[in-house]
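**Q** Have a peek at upload-v6.cif (mmCIF, C-alpha atoms (C1' of nucleotides)).
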```
data_protein
#
loop_
_atom_site.label_atom_id
_atom_site.label_comp_id
_atom_site.auth_asym_id
_atom_site.auth_seq_id
_atom_site.Cartn_x
_atom_site.Cartn_y
_atom_site.Cartn_z
CA MET T 14 -6.83 38.83 20.20
CA PRO T 15 -5.07 38.20 16.88
CA LYS T 16 -5.41 35.44 14.35
CA GLN T 17 -7.44 32.57 15.71
CA VAL T 18 -6.12 29.09 15.08
CA ASP T 19 -7.32 25.75 16.31
CA HIS T 20 -4.33 24.89 18.40
CA ALA T 21 -5.30 21.28 19.03
CA ALA T 22 -6.02 20.61 15.37
CA ARG T 23 -2.64 21.95 14.27
CA ARG T 24 -0.88 19.87 16.90
CA ALA T 25 -2.76 16.77 15.80
CA GLU T 26 -1.90 17.45 12.17
CA LEU T 27 1.78 17.75 12.99
CA ALA T 28 1.70 14.71 15.27
CA HIS T 29 0.20 12.76 12.38
CA ALA T 30 3.16 13.67 10.23
CA ALA T 31 5.43 12.63 13.08
CA LEU T 32 3.77 9.20 13.24
CA ARG T 33 4.31 8.69 9.52
CA LEU T 34 8.00 9.43 9.92
CA CYS T 35 8.11 7.27 13.01
CA ALA T 36 6.74 4.33 11.05
CA ARG T 37 9.35 4.85 8.36
CA ASP T 38 12.49 5.63 10.32
CA GLY T 39 11.70 4.71 13.90
CA LEU T 40 11.48 6.94 16.92
CA ALA T 41 14.95 8.41 16.60
CA GLY T 42 14.27 9.19 12.97
CA VAL T 43 11.64 11.77 13.84
CA SER T 44 13.14 15.25 13.55
CA ILE T 45 11.67 18.72 13.83
CA GLY T 46 12.71 19.58 10.31
CA GLY T 47 11.50 16.25 9.00
CA VAL T 48 8.06 16.71 10.49
CA ALA T 49 7.92 20.22 9.06
CA GLN T 50 8.78 18.97 5.58
CA GLU T 51 6.34 16.04 5.87
CA ALA T 52 3.56 18.41 6.90
CA GLY T 53 4.53 21.02 4.32
CA VAL T 54 5.13 23.78 6.83
CA SER T 55 8.13 25.68 8.13
CA LYS T 56 10.47 24.34 10.74
CA GLY T 57 9.66 27.30 12.99
CA LEU T 58 5.96 26.41 13.02
CA VAL T 59 6.63 22.98 14.43
CA GLN T 60 8.78 24.62 17.03
CA HIS T 61 5.98 27.05 17.76
CA TYR T 62 3.47 24.32 18.58
CA PHE T 63 5.86 21.96 20.32
CA GLY T 64 8.43 23.80 22.35
CA ALA T 65 10.86 20.92 22.43
CA ARG T 66 11.19 17.62 20.62
CA ALA T 67 10.10 15.73 23.72
CA ASP T 68 6.72 17.46 23.56
CA LEU T 69 6.29 16.31 20.00
CA MET T 70 7.04 12.73 20.95
CA ARG T 71 4.63 12.76 23.87
CA ALA T 72 1.87 14.20 21.75
CA SER T 73 2.57 11.63 19.06
CA ALA T 74 2.37 8.76 21.52
CA GLN T 75 -0.97 9.98 22.81
CA LEU T 76 -2.29 10.53 19.30
CA LEU T 77 -1.21 7.02 18.40
CA ARG T 78 -3.22 5.61 21.27
CA ARG T 79 -6.31 7.56 20.24
CA GLU T 80 -5.92 6.57 16.60
CA ILE T 81 -5.71 2.86 17.35
CA GLU T 82 -8.63 3.10 19.71
CA GLY T 83 -10.61 4.92 17.05
CA HIS T 84 -9.71 2.34 14.44
CA VAL T 85 -10.95 -0.47 16.62
CA ARG T 86 -14.11 1.33 17.67
CA ALA T 87 -14.92 2.14 14.06
CA ALA T 88 -14.96 -1.59 13.36
CA LEU T 89 -17.68 -2.09 15.95
CA ARG T 90 -20.27 0.21 14.38
CA GLU T 91 -22.47 -2.54 13.09
CA ALA T 92 -21.61 -5.27 15.53
CA ALA T 93 -24.46 -7.53 16.56
CA GLY T 94 -24.17 -9.11 19.96
CA PRO T 95 -21.14 -9.80 22.14
CA ALA T 96 -19.78 -12.70 20.08
CA ASP T 97 -19.76 -10.61 16.91
CA THR T 98 -18.29 -7.67 18.78
CA LEU T 99 -15.50 -9.88 20.04
CA ARG T 100 -14.68 -11.15 16.60
CA ARG T 101 -14.77 -7.68 15.06
CA THR T 102 -12.52 -6.31 17.77
CA LEU T 103 -9.90 -8.98 17.22
CA LEU T 104 -10.16 -8.64 13.45
CA ALA T 105 -9.66 -4.90 13.78
CA VAL T 106 -6.41 -5.50 15.62
CA VAL T 107 -5.26 -7.95 12.97
CA GLU T 108 -6.21 -5.56 10.20
CA LEU T 109 -3.95 -2.91 11.65
CA GLY T 110 -1.24 -4.86 9.88
CA SER T 111 -2.70 -4.24 6.45
CA ARG T 112 -4.91 -1.18 6.73
CA ALA T 113 -2.98 0.96 9.18
CA PRO T 114 0.61 -0.26 9.14
CA VAL T 115 1.68 3.21 10.14
CA LEU T 116 -0.02 2.84 13.49
CA LEU T 117 1.35 -0.63 14.05
CA LEU T 118 4.89 0.33 13.14
CA ALA T 119 4.76 3.48 15.23
CA GLY T 120 3.49 1.36 18.07
CA HIS T 121 6.48 -0.92 17.74
CA ALA T 122 8.77 2.07 17.75
CA PHE T 123 7.26 3.36 20.97
CA LEU T 124 7.44 -0.11 22.47
CA ALA T 125 11.19 0.29 22.71
CA THR T 126 10.91 3.36 24.89
CA ALA T 127 8.15 1.78 26.92
CA VAL T 128 10.75 -0.60 28.32
CA THR T 129 12.78 2.31 29.68
CA ASP T 130 10.45 5.28 30.00
CA PRO T 131 7.91 4.71 32.82
CA ASP T 132 5.45 7.22 31.36
CA VAL T 133 5.25 5.59 27.95
CA ARG T 134 5.25 2.21 29.64
CA GLU T 135 2.19 3.16 31.64
CA LEU T 136 0.49 4.46 28.51
CA TYR T 137 1.19 1.15 26.84
CA ARG T 138 0.10 -1.02 29.72
CA ALA T 139 -3.02 1.02 30.33
CA GLY T 140 -4.06 0.59 26.71
CA GLY T 141 -3.27 -3.11 26.68
CA ASP T 142 -5.02 -3.76 29.97
CA ALA T 143 -8.13 -1.92 28.81
CA VAL T 144 -8.34 -4.02 25.67
CA HIS T 145 -7.72 -7.16 27.68
CA ARG T 146 -10.51 -6.38 30.11
CA GLU T 147 -12.86 -5.59 27.28
CA ILE T 148 -12.07 -8.82 25.49
CA ALA T 149 -12.38 -10.82 28.70
CA ALA T 150 -15.81 -9.34 29.27
CA LEU T 151 -16.86 -10.17 25.72
CA VAL T 152 -15.60 -13.72 26.09
CA ALA T 153 -17.50 -14.14 29.33
CA ALA T 154 -20.65 -12.68 27.80
CA SER T 155 -20.59 -14.74 24.62
CA ALA T 156 -19.27 -18.07 25.81
CA ALA T 157 -21.70 -20.93 25.51
CA ASP T 158 -19.80 -23.00 28.02
CA PRO T 159 -19.67 -21.16 31.35
CA GLY T 160 -16.57 -23.12 32.32
CA VAL T 161 -14.16 -21.13 30.17
CA GLU T 162 -11.71 -18.90 32.01
CA ALA T 163 -12.40 -15.57 30.40
CA GLY T 164 -9.16 -13.94 31.57
CA ALA T 165 -6.88 -16.63 30.20
CA GLU T 166 -8.84 -16.89 26.96
CA ALA T 167 -8.64 -13.15 26.54
CA HIS T 168 -4.86 -13.31 26.88
CA VAL T 169 -4.73 -16.02 24.25
CA LEU T 170 -6.94 -14.10 21.85
CA LEU T 171 -5.22 -10.75 22.36
CA ALA T 172 -1.74 -12.18 21.98
CA LEU T 173 -2.90 -14.14 18.97
CA ALA T 174 -4.38 -11.05 17.33
CA ARG T 175 -1.21 -9.07 17.94
CA GLY T 176 0.98 -11.81 16.59
CA LEU T 177 -1.21 -12.17 13.51
CA ALA T 178 -1.10 -8.43 12.94
CA ASP T 179 2.69 -8.58 12.81
CA GLY T 180 2.52 -11.55 10.49
CA VAL T 181 0.21 -9.66 8.14
CA LEU T 182 2.41 -6.59 8.38
CA VAL T 183 5.48 -8.33 6.99
CA GLY T 184 3.47 -10.39 4.56
CA GLU T 185 3.92 -13.78 6.17
CA LEU T 186 0.16 -14.18 6.07
CA GLY T 187 -2.56 -12.61 3.99
CA ILE T 188 -5.52 -11.02 5.74
CA ALA T 189 -7.71 -13.88 4.58
CA GLU T 190 -5.32 -16.43 6.05
CA ALA T 191 -5.06 -14.54 9.31
CA THR T 192 -8.83 -14.25 9.50
CA ALA T 193 -9.15 -17.98 8.96
CA VAL T 194 -6.64 -18.69 11.72
CA LEU T 195 -8.48 -16.37 14.08
CA ASP T 196 -11.84 -17.92 13.25
CA HIS T 197 -10.35 -21.35 13.75
CA GLN T 198 -9.44 -20.41 17.30
CA LEU T 199 -12.78 -18.73 17.95
CA ARG T 200 -14.70 -21.78 16.81
CA ARG T 201 -12.67 -23.89 19.18
CA LEU T 202 -14.04 -21.78 22.00
CA GLY T 203 -17.52 -22.57 20.84
CA LEU T 204 -18.08 -19.11 19.44
CA PRO T 205 -19.60 -18.24 16.08
CA ALA T 206 -16.90 -17.14 13.68
CA GLY T 207 -18.27 -15.66 10.52
CA SER T 208 -18.58 -17.47 7.22
CA MET C 3 51.78 -10.46 7.23
CA PRO C 4 51.24 -7.90 9.99
CA LYS C 5 49.12 -8.06 13.11
CA GLN C 6 46.61 -10.88 12.88
CA VAL C 7 43.12 -10.15 14.11
CA ASP C 8 40.00 -12.27 14.02
CA HIS C 9 38.04 -10.15 11.61
CA ALA C 10 34.73 -11.96 12.09
CA ALA C 11 34.95 -11.83 15.88
CA ARG C 12 35.59 -8.09 15.89
CA ARG C 13 32.69 -7.51 13.55
CA ALA C 14 30.43 -9.62 15.74
CA GLU C 15 31.52 -7.73 18.83
CA LEU C 16 30.74 -4.41 17.20
CA ALA C 17 27.46 -5.69 15.80
CA HIS C 18 26.50 -6.74 19.32
CA ALA C 19 27.06 -3.21 20.54
CA ALA C 20 24.96 -1.99 17.62
CA LEU C 21 22.09 -4.27 18.63
CA ARG C 22 22.17 -2.91 22.17
CA LEU C 23 21.89 0.62 20.87
CA CYS C 24 19.22 -0.49 18.44
CA ALA C 25 17.14 -1.86 21.28
CA ARG C 26 17.50 1.40 23.18
CA ASP C 27 17.10 4.02 20.47
CA GLY C 28 15.72 2.19 17.48
CA LEU C 29 17.32 1.66 14.12
CA ALA C 30 17.93 5.30 13.34
CA GLY C 31 19.54 5.73 16.76
CA VAL C 32 22.45 3.51 15.82
CA SER C 33 25.43 5.71 14.94
CA ILE C 34 29.04 4.92 14.11
CA GLY C 35 30.28 6.97 17.02
CA GLY C 36 27.67 5.52 19.34
CA VAL C 37 28.67 1.98 18.52
CA ALA C 38 32.32 2.90 19.03
CA GLN C 39 31.58 4.35 22.46
CA GLU C 40 29.34 1.41 23.41
CA ALA C 41 32.09 -1.03 22.44
CA GLY C 42 34.82 1.08 24.03
CA VAL C 43 36.80 1.55 20.85
CA SER C 44 37.60 4.42 18.55
CA LYS C 45 35.29 5.69 15.88
CA GLY C 46 37.87 4.91 13.25
CA LEU C 47 37.92 1.25 14.20
CA VAL C 48 34.23 0.84 13.56
CA GLN C 49 34.77 2.52 10.26
CA HIS C 50 37.63 0.15 9.56
CA TYR C 51 35.51 -2.97 9.96
CA PHE C 52 32.33 -1.62 8.40
CA GLY C 53 33.06 0.63 5.47
CA ALA C 54 29.71 2.35 5.61
CA ARG C 55 26.84 2.49 8.07
CA ALA C 56 24.72 0.29 5.82
CA ASP C 57 27.25 -2.52 6.25
CA LEU C 58 26.93 -2.23 9.99
CA MET C 59 23.15 -2.47 9.81
CA ARG C 60 23.24 -5.47 7.51
CA ALA C 61 25.70 -7.27 9.77
CA SER C 62 23.58 -6.41 12.81
CA ALA C 63 20.44 -7.79 11.18
CA GLN C 64 22.18 -11.05 10.36
CA LEU C 65 23.69 -11.31 13.82
CA LEU C 66 20.25 -10.72 15.29
CA ARG C 67 18.86 -13.61 13.31
CA ARG C 68 21.67 -15.92 14.44
CA GLU C 69 21.32 -14.82 18.06
CA ILE C 70 17.60 -15.52 18.22
CA GLU C 71 18.09 -18.84 16.50
CA GLY C 72 20.81 -19.72 18.99
CA HIS C 73 18.63 -18.69 21.90
CA VAL C 74 15.83 -20.96 20.76
CA ARG C 75 18.12 -23.87 19.97
CA ALA C 76 19.76 -23.58 23.36
CA ALA C 77 16.37 -24.16 24.93
CA LEU C 78 16.05 -27.47 23.13
CA ARG C 79 19.18 -29.10 24.59
CA GLU C 80 17.33 -31.41 26.91
CA ALA C 81 14.08 -31.73 25.06
CA ALA C 82 12.42 -35.12 25.17
CA GLY C 83 10.18 -35.99 22.26
CA PRO C 84 8.38 -33.79 19.74
CA ALA C 85 5.70 -32.55 22.14
CA ASP C 86 8.28 -31.35 24.65
CA THR C 87 10.37 -29.83 21.88
CA LEU C 88 7.34 -27.93 20.64
CA ARG C 89 6.59 -26.54 24.07
CA ARG C 90 10.20 -25.57 24.71
CA THR C 91 10.45 -23.85 21.36
CA LEU C 92 7.37 -21.73 22.01
CA LEU C 93 8.49 -20.99 25.55
CA ALA C 94 11.86 -19.87 24.24
CA VAL C 95 10.13 -17.36 21.99
CA VAL C 96 8.04 -16.08 24.88
CA GLU C 97 11.07 -15.85 27.13
CA LEU C 98 12.77 -13.54 24.66
CA GLY C 99 10.60 -10.91 26.29
CA SER C 100 12.20 -11.33 29.68
CA ARG C 101 15.61 -12.92 29.09
CA ALA C 102 16.69 -11.27 25.88
CA PRO C 103 14.66 -8.09 25.50
CA VAL C 104 17.50 -6.64 23.48
CA LEU C 105 16.93 -9.17 20.72
CA LEU C 106 13.19 -8.68 20.76
CA LEU C 107 13.43 -4.90 20.68
CA ALA C 108 16.04 -4.95 17.96
CA GLY C 109 13.77 -7.27 16.05
CA HIS C 110 10.93 -4.79 16.31
CA ALA C 111 13.23 -2.05 15.12
CA PHE C 112 14.18 -4.03 12.04
CA LEU C 113 10.54 -4.88 11.43
CA ALA C 114 9.97 -1.30 10.40
CA THR C 115 12.52 -1.50 7.62
CA ALA C 116 11.29 -4.94 6.63
CA VAL C 117 8.13 -3.26 5.39
CA THR C 118 10.12 -1.12 2.97
CA ASP C 119 13.45 -2.84 2.39
CA PRO C 120 12.97 -6.04 0.35
CA ASP C 121 16.24 -7.55 1.59
CA VAL C 122 15.42 -7.21 5.27
CA ARG C 123 11.89 -8.27 4.50
CA GLU C 124 13.13 -11.47 2.97
CA LEU C 125 15.41 -12.09 5.94
CA TYR C 126 12.42 -11.63 8.21
CA ARG C 127 10.06 -13.80 6.23
CA ALA C 128 12.64 -16.51 5.76
CA GLY C 129 13.19 -16.69 9.50
CA GLY C 130 9.49 -16.63 10.28
CA ASP C 131 8.65 -19.23 7.67
CA ALA C 132 11.39 -21.54 8.92
CA VAL C 133 10.05 -21.37 12.46
CA HIS C 134 6.53 -21.88 11.19
CA ARG C 135 7.47 -24.99 9.24
CA GLU C 136 9.36 -26.36 12.21
CA ILE C 137 6.43 -25.79 14.54
CA ALA C 138 4.00 -27.26 12.05
CA ALA C 139 6.14 -30.39 11.82
CA LEU C 140 6.28 -30.67 15.59
CA VAL C 141 2.55 -30.25 15.86
CA ALA C 142 1.98 -32.94 13.28
CA ALA C 143 4.44 -35.26 15.01
CA SER C 144 3.06 -34.84 18.49
CA ALA C 145 -0.64 -34.50 17.91
CA ALA C 146 -2.73 -37.26 19.36
CA ASP C 147 -5.65 -36.46 17.09
CA PRO C 148 -4.57 -36.83 13.43
CA GLY C 149 -7.37 -34.50 12.42
CA VAL C 150 -5.65 -31.29 13.50
CA GLU C 151 -4.49 -28.98 10.75
CA ALA C 152 -0.83 -28.62 11.58
CA GLY C 153 -0.30 -25.52 9.44
CA ALA C 154 -3.16 -23.54 10.95
CA GLU C 155 -2.31 -24.64 14.48
CA ALA C 156 1.30 -23.63 13.92
CA HIS C 157 0.14 -20.17 12.89
CA VAL C 158 -1.94 -19.92 16.03
CA LEU C 159 0.88 -21.06 18.28
CA LEU C 160 3.54 -18.90 16.64
CA ALA C 161 1.41 -15.77 16.65
CA LEU C 162 0.42 -16.53 20.24
CA ALA C 163 4.03 -16.93 21.33
CA ARG C 164 5.01 -13.68 19.63
CA GLY C 165 2.14 -11.80 21.16
CA LEU C 166 2.94 -13.20 24.60
CA ALA C 167 6.59 -12.22 24.20
CA ASP C 168 5.53 -8.63 23.62
CA GLY C 169 3.21 -8.79 26.60
CA VAL C 170 6.01 -10.03 28.80
CA LEU C 171 8.35 -7.41 27.40
CA VAL C 172 6.23 -4.48 28.54
CA GLY C 173 5.24 -6.18 31.76
CA GLU C 174 1.59 -6.82 30.95
CA LEU C 175 2.14 -10.44 31.90
CA GLY C 176 4.69 -12.22 34.03
CA ILE C 177 6.58 -15.17 32.55
CA ALA C 178 4.62 -17.49 34.78
CA GLU C 179 1.34 -16.10 33.53
CA ALA C 180 2.44 -16.28 29.93
CA THR C 181 3.60 -19.85 30.41
CA ALA C 182 0.23 -20.75 31.89
CA VAL C 183 -1.57 -19.17 28.96
CA LEU C 184 0.62 -21.04 26.50
CA ASP C 185 0.13 -24.34 28.33
CA HIS C 186 -3.59 -23.69 28.38
CA GLN C 187 -3.61 -23.53 24.61
CA LEU C 188 -1.33 -26.55 24.24
CA ARG C 189 -3.56 -28.66 26.44
CA ARG C 190 -6.51 -27.73 24.31
CA LEU C 191 -4.71 -29.31 21.39
CA GLY C 192 -4.38 -32.51 23.39
CA LEU C 193 -0.69 -32.00 23.95
CA PRO C 194 1.14 -32.47 27.25
CA ALA C 195 2.02 -29.08 28.73
CA GLY C 196 4.35 -29.38 31.66
CA SER C 197 3.37 -29.11 35.29
"C1'" DA V 18 -6.70 54.74 13.72
"C1'" DA V 19 -3.36 53.19 17.06
"C1'" DC V 20 -2.01 49.33 19.77
"C1'" DG V 21 -0.90 44.90 21.60
"C1'" DT V 22 -0.95 40.13 20.86
"C1'" DC V 23 -0.17 36.12 18.59
"C1'" DA V 24 0.94 33.00 14.33
"C1'" DC V 25 4.54 32.14 11.68
"C1'" DG V 26 8.92 32.48 8.78
"C1'" DA V 27 13.92 33.23 8.75
"C1'" DT V 28 18.14 33.01 10.64
"C1'" DA V 29 21.98 31.82 13.82
"C1'" DC V 30 24.54 28.68 16.55
"C1'" DA V 31 26.43 24.79 18.80
"C1'" DC V 32 26.40 20.11 18.18
"C1'" DT V 33 26.41 15.34 16.16
"C1'" DC V 34 26.32 12.74 12.19
"C1'" DG V 35 28.71 9.83 8.28
"C1'" DT V 36 32.57 9.69 5.52
"C1'" DA V 37 37.27 10.61 3.67
"C1'" DT V 38 41.89 11.01 4.59
"C1'" DC V 39 45.70 11.17 6.90
"C1'" DG V 40 49.59 9.20 10.13
"C1'" DC V 41 51.72 6.04 13.23
"C1'" DA V 42 52.66 1.53 15.38
"C1'" DA V 43 52.96 -3.36 15.10
"C1'" DA V 44 54.33 -7.61 13.13
"C1'" DG V 45 55.56 -11.19 9.77
"C1'" DA V 46 58.65 -11.64 5.27
"C1'" DG V 47 62.96 -10.92 3.09
"C1'" DC E 22 67.64 -5.01 10.33
"C1'" DT E 23 64.53 -3.35 6.73
"C1'" DC E 24 60.34 -3.37 4.18
"C1'" DT E 25 55.69 -3.87 3.45
"C1'" DT E 26 51.29 -4.75 4.84
"C1'" DT E 27 47.69 -4.18 8.07
"C1'" DG E 28 45.28 -2.50 12.47
"C1'" DC E 29 43.83 1.42 14.31
"C1'" DG E 30 43.61 6.26 16.13
"C1'" DA E 31 43.11 11.25 14.91
"C1'" DT E 32 41.50 14.74 12.31
"C1'" DA E 33 38.79 17.29 8.83
"C1'" DC E 34 34.74 18.50 6.55
"C1'" DG E 35 29.98 19.02 4.85
"C1'" DA E 36 25.30 17.90 5.97
"C1'" DG E 37 21.75 17.74 9.22
"C1'" DT E 38 20.17 18.15 14.03
"C1'" DG E 39 17.60 20.83 18.14
"C1'" DT E 40 17.04 25.14 20.05
"C1'" DA E 41 17.16 30.27 20.71
"C1'" DT E 42 16.10 34.55 18.88
"C1'" DC E 43 14.90 37.61 15.95
"C1'" DG E 44 11.51 39.91 12.41
"C1'" DT E 45 7.06 40.56 10.16
"C1'" DG E 46 2.75 40.23 9.18
"C1'" DA E 47 -2.48 39.58 10.60
"C1'" DC E 48 -5.90 40.20 13.62
"C1'" DG E 49 -9.03 41.80 17.88
"C1'" DT E 50 -9.26 45.31 21.14
"C1'" DT E 51 -9.67 50.07 22.62
#
```
Show how you would write the structure in this file as structure tokens.
**A**
Amino acid sequence: MPKQVDHAARRAELAHAALRLCARDGLAGVSIGGVAQEAGVSKGLVQHYFGARADLMRASAQLLRREIEGHVRAALREAAGPADTLRRTLLAVVELGSRAPVLLLAGHAFLATAVTDPDVRELYRAGGDAVHREIAALVAASAADPGVEAGAEAHVLLALARGLADGVLVGELGIAEATAVLDHQLRRLGLPAGS
Amino acid sequence: MPKQVDHAARRAELAHAALRLCARDGLAGVSIGGVAQEAGVSKGLVQHYFGARADLMRASAQLLRREIEGHVRAALREAAGPADTLRRTLLAVVELGSRAPVLLLAGHAFLATAVTDPDVRELYRAGGDAVHREIAALVAASAADPGVEAGAEAHVLLALARGLADGVLVGELGIAEATAVLDHQLRRLGLPAGS
DNA sequence: AACGTCACGATACACTCGTATCGCAAAGAG
DNA sequence: CTCTTTGCGATACGAGTGTATCGTGACGTT
């Protein structure tokens, strides 16, 4: 066997470059040559690891999902209790707008294809549903008043976090403002909401 | 004077075609030839009305803004009182996800450039701020409890409506579900919220 | 040491892109 | 009718695209 290379690592590295371009120019702006230049490698190498452009896009979409998931999970390292976990989760989503705009923008780019492409759509819905379930569970576990409808509240909180992330992304709100808005809503549910 | 043509109307017609392509393929997927084909005209005609591609994109962005504004205003025709106007406004935003996905998707496409391009960014922020002010005013006018912070509540409601619109767009929620979630939040503010 | 396999670069080709530049037809002005 | 302006189609050209196909090293096996 000849030269040994970590196939998966190389693919991930190239997919990362693809996501950066995707955030800048949109989905259609991602080109083989562009990714090669962004990653500082030859055009042939990209072609070697992703036979066709479609492969690159698929891999990028899946990497995006993992990246966002990782970003959110990283924010939960030192969470204490379900209420705190809930708040940190939502804050992590909001902070995508300022800390990882690349992921958020790439997500928006893929959203367009999700409307047409069933595969990407399923990827999107699966991710969204998972987060929704998780948030609903956290709401149910941390609510003081047992009368709250966890599912509906989770929809409110998730949609709110997403909307705030977009607001932060374009600079309509600062992170501090967005955090305050989020805490305002959390307090209304009878949940602790940071300082 | 030779043949008389409604310049503005032609430009709007072509910009409409551009928005459709934008929703399908993203910003970078909008091409002169593509717009020509979508509109059923020659490539030269598009070039005649928009000297360069950048002109086309600018015109499309402005048309997008007017279209969304028109869509929302159309929903307020038979609004009765500030509370009803508030609800209809928010619902109109949510319904962009199901009734005018083209506008919503095109908006997401332009969002990417808003992060880099100061002009588009300003267009975006100006539109968002205007809606925010309007919603804040409606909240203040229709709130039973004078203690509510209209600005913060407006941020919550606007971000919520945007997030719900995205959810509806990808099919995570139905319009009925999204409406219920929105009404749930409105009721919590002590506002009437439809049936 | 010879070999086969794989990573990777270089090149070729058909295609689409944006833009510039023609040319013709139509229609009001004289 | 003629002239001039404008709407619009057709074409040309360079740059950039995705993909196919080479070539050339580097390595593990035998």
**Q** Could you tell me which residues the PyMOL selection byres ((chain V and resi 26) around 9) returns for this structure, as a ChimeraX atom specification?
**A** /T:55-58 /V:25,27 /E:44-45
**Q** Do a neighbour search on stretch 103-110 of chain T at 6 Å with all atoms listed in the file, toss out local chain neighbours closer than 3 positions, and write the hits as a PyMOL selection string.
**A** chain T and resi 85+100+113-114+174+177-178+181-182
**Q** Going by the chain IDs and residue numbers used in this file, which residues fall under the PyMOL selection byres ((chain T) within 8 of (chain C))? Write them as a ChimeraX atom specification.
**A** /T:36-42,118,121-122,124-128,134,137-138,141-142,165-166,168-177,180,182-185,194-195,198
**Q** At a cut-off of 12 Å, using all atoms listed in the file, what residues contact E:DG30? Leave out same-chain residues fewer than 2 positions from it and give the result as number ranges by chain.
**A** C: 43-50; V: 39-42; E: 28, 32
**Q** Give me the residues within 9 Å of E:DT38 as a list in words, counting all atoms listed in the file and dropping any in the same chain fewer than 6 places off.
**A**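 Selected residues are Ser44, Ile45 and Gly46 of chain T; DC32, DT33 and DC34 of chain V.
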**Q** Find the residues of chain V in contact range of chain C, meaning any atom within 7 Å when counting only C-alpha atoms (C1' of nucleotides), and list them as a PyMOL selection string.
**A** chain V and resi 43-45
**Q** Since I can't run it myself right now, could you work out what the PyMOL selection byres ((chain E) within 10 of (chain C)) selects here and report it as a PDB file with C-alpha atoms (C1' of nucleotides), in the coordinates of the input?
**A**
```pdb
ATOM      1  C1'  DT E  25      55.690  -3.870   3.450  1.00  0.00           C
ATOM      2  C1'  DT E  26      51.290  -4.750   4.840  1.00  0.00           C
ATOM      3  C1'  DT E  27      47.690  -4.180   8.070  1.00  0.00           C
ATOM      4  C1'  DG E  28      45.280  -2.500  12.470  1.00  0.00           C
ATOM      5  C1'  DC E  29      43.830   1.420  14.310  1.00  0.00           C
ATOM      6  C1'  DG E  30      43.610   6.260  16.130  1.00  0.00           C
ATOM      7  C1'  DA E  31      43.110  11.250  14.910  1.00  0.00           C
TER       8       DA E  31
END
```
**Q** Please compute the atom CA of C:Thr87-atom CA of C:Ile137 distance, one decimal, in Å.
**A**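 So the two atoms, atom CA of C:Thr87 and atom CA of C:Ile137, lie 9.3 Å apart.
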**Q** Which value, in Å to one decimal, gives the distance between atom CA of T:Ala28 and atom CA of T:Ile81?
**A** 14.1 Å
**Q** What does the structure give for the distance between atom CA of T:Val48 and atom CA of T:Ala31, in Å to one decimal?
**A**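 So the two atoms, atom CA of T:Val48 and atom CA of T:Ala31, lie 5.5 Å apart.
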**Q** Set the distance at 7 Å and use all atoms listed in the file: which residues neighbour C:Ala152 once local chain neighbours fewer than 4 positions away are removed? I'd like the list as a compact mmCIF listing (two decimals) with C-alpha atoms, in the frame of the given file.
**A**
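Output file part-v1.txt is given in full below:
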```
# COMPACT_ATOMS: atom_id res chain seq x y z
CA ALA C 138 4.00 -27.26 12.05
CA VAL C 141 2.55 -30.25 15.86
CA ALA C 142 1.98 -32.94 13.28
CA ALA C 156 1.30 -23.63 13.92
```
**Q** Give me the residues near V:DA31 as a PyMOL selection string, where near means some atom within 10 Å (using only C-alpha atoms (C1' of nucleotides)) and where sequence neighbours in that chain fewer than 2 positions away do not count.
**A** (chain V and resi 29+33) or (chain E and resi 39-40)
